[in-house]
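What follows is one structure encoded as structure tokens, with my remarks underneath.
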Amino acid sequence: MTAPAVDWRLIAEEARPGPMQMALDEVAAETAAAGGPATVRTYRWEQSCLTLGYRQDPETVDWAFCDREGIEVTRRQTGGGGIYHDARGDIAYSIAVPASRVPGELLDCYHLLCEPIFDAFDRLGIDADYVDEATPELYHPACYLRELHPAHDVVAAAPGASEAGAHEADAPARRKIAGNAQYRKRDAVIQHGSLTFSVDAERHLGTFADPPVTPAAFRDRVVGMDELTDADRDDAVAAVADALAAWVSAGIDEAAGNRAVAGTDETTVTPDVDRDGSWTEAELERAAELAETKYRDPAWVRTRPGSDG
């Protein structure tokens, strides 16, 4: 049997405040779960923002620094450590899809939804892959300074660095270039991620309260695209958008190895993607409400939901 195709829309990079971006991710998941279009999008932070992991302790934030520097703080639905985002250094993306169209196993689903991200790096000539061995953490509250795990952490090598040479003492280290996370909501999966275009170690570390890491050590762990390619930021954003569109057009079931849908013998037809996709007025109203009542609410941002694993 052939299951009905899911409609997809690609929403080009929009600049909005951090709480609104988190709200739009949640709304995209609600839309996909309700039978509306699945969404792939790129986005940019209208002002600098620190997004806290779901269970992150607010005491790890330097609130005075963030207030003084005009850095907004919000809390994500996804776990992990805090990430500093700004309009140039960060390229954000998200994918919202019905849960029935992706693997139920978290790691399998994560790897499927990361495929277009690796394609984007390939398009830019960046040698990116999952880290090949665990790397000890430097500072737990910061996403980019946590332990690097082969299952999900994405690192990149300097041009000319080979896998074989990566273990040699004089070889350039492979450094983290992307943070990605996902959650499920109302029969939909949302994955969002932060791809580093340019590293601002001082400001990133400044958002945290007394981190025991120097800017030099941060730069030894994290790399930006601008160190690895001559492409400018607009080119990098276009590569991410093109990769997302190509991944959708190829069919996510094909990408998953012609996996049957939802454990049945059904397959999907190859979908089309609306590259000029947009939000409905109802979605924007719902997102604006969520941004004010949840993602800017001190009870959400400054209260720790549970212990940070």
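If you're wondering about the labels, chains in the structure tokens are A, B, ... by order shown, residues count from 1 in each chain, ligands from 1 in order shown.
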Could you give me, as a tab-separated table (two decimals) with C-alpha atoms, in the first residue's frame, the residues within 6 Å of segment 5-22 of chain A, counting only C-alpha atoms and dropping anything in the same chain fewer than 4 positions from it?
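Printed below is result.tsv as written:
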```tsv
chain	number	residue	atom	x	y	z
A	37	PRO	CA	2.34	20.27	6.97
A	38	ALA	CA	5.60	19.04	8.36
A	39	THR	CA	8.09	21.89	8.65
A	40	VAL	CA	11.78	22.31	7.94
A	41	ARG	CA	13.18	25.74	8.61
A	42	THR	CA	16.25	27.83	9.22
A	43	TYR	CA	16.17	30.69	11.67
A	44	ARG	CA	18.22	33.47	13.19
A	45	TRP	CA	18.17	35.16	16.59
A	46	GLU	CA	16.88	38.73	16.45
A	49	CYS	CA	20.08	34.67	23.30
A	268	THR	CA	5.10	6.78	1.20
A	269	VAL	CA	5.19	8.50	-2.16
A	271	PRO	CA	6.88	14.28	-1.29
A	273	VAL	CA	8.42	20.64	-0.48
A	274	ASP	CA	7.05	24.15	-0.65
A	275	ARG	CA	10.25	26.19	-0.58
A	277	GLY	CA	6.46	28.07	3.01
A	278	SER	CA	5.08	30.39	5.64
A	291	ALA	CA	6.35	33.08	23.85
A	295	TYR	CA	9.22	31.00	27.03
```
Using only C-alpha atoms, which protein or nucleic acid residues come within 6 Å of segment 73-78 of chain A? Drop anything in the same chain fewer than 6 positions from it, and give the result as a ChimeraX atom specification. /A:49-54,182,295,301
List every residue of segment 49-279 of chain A that DSSP, applied to the backbone of this structure, places in strand (DSSP E), and write the result as a VMD selection string. chain A and resid 49 to 52 72 to 75 83 to 85 90 to 98 127 to 130 154 to 157 175 to 185 188 to 196 267 to 268 273 to 274
So what do you get for atom CA of Glu133 of chain A versus atom CA of Arg146 of chain A, distance-wise? 13.6 Å
Can you tell me which residues surround segment 236-244 of chain A at a distance of at most 7 Å, considering only C-alpha atoms, apart from same-chain residues fewer than 4 positions away, and format the answer as a count of residues only? 12
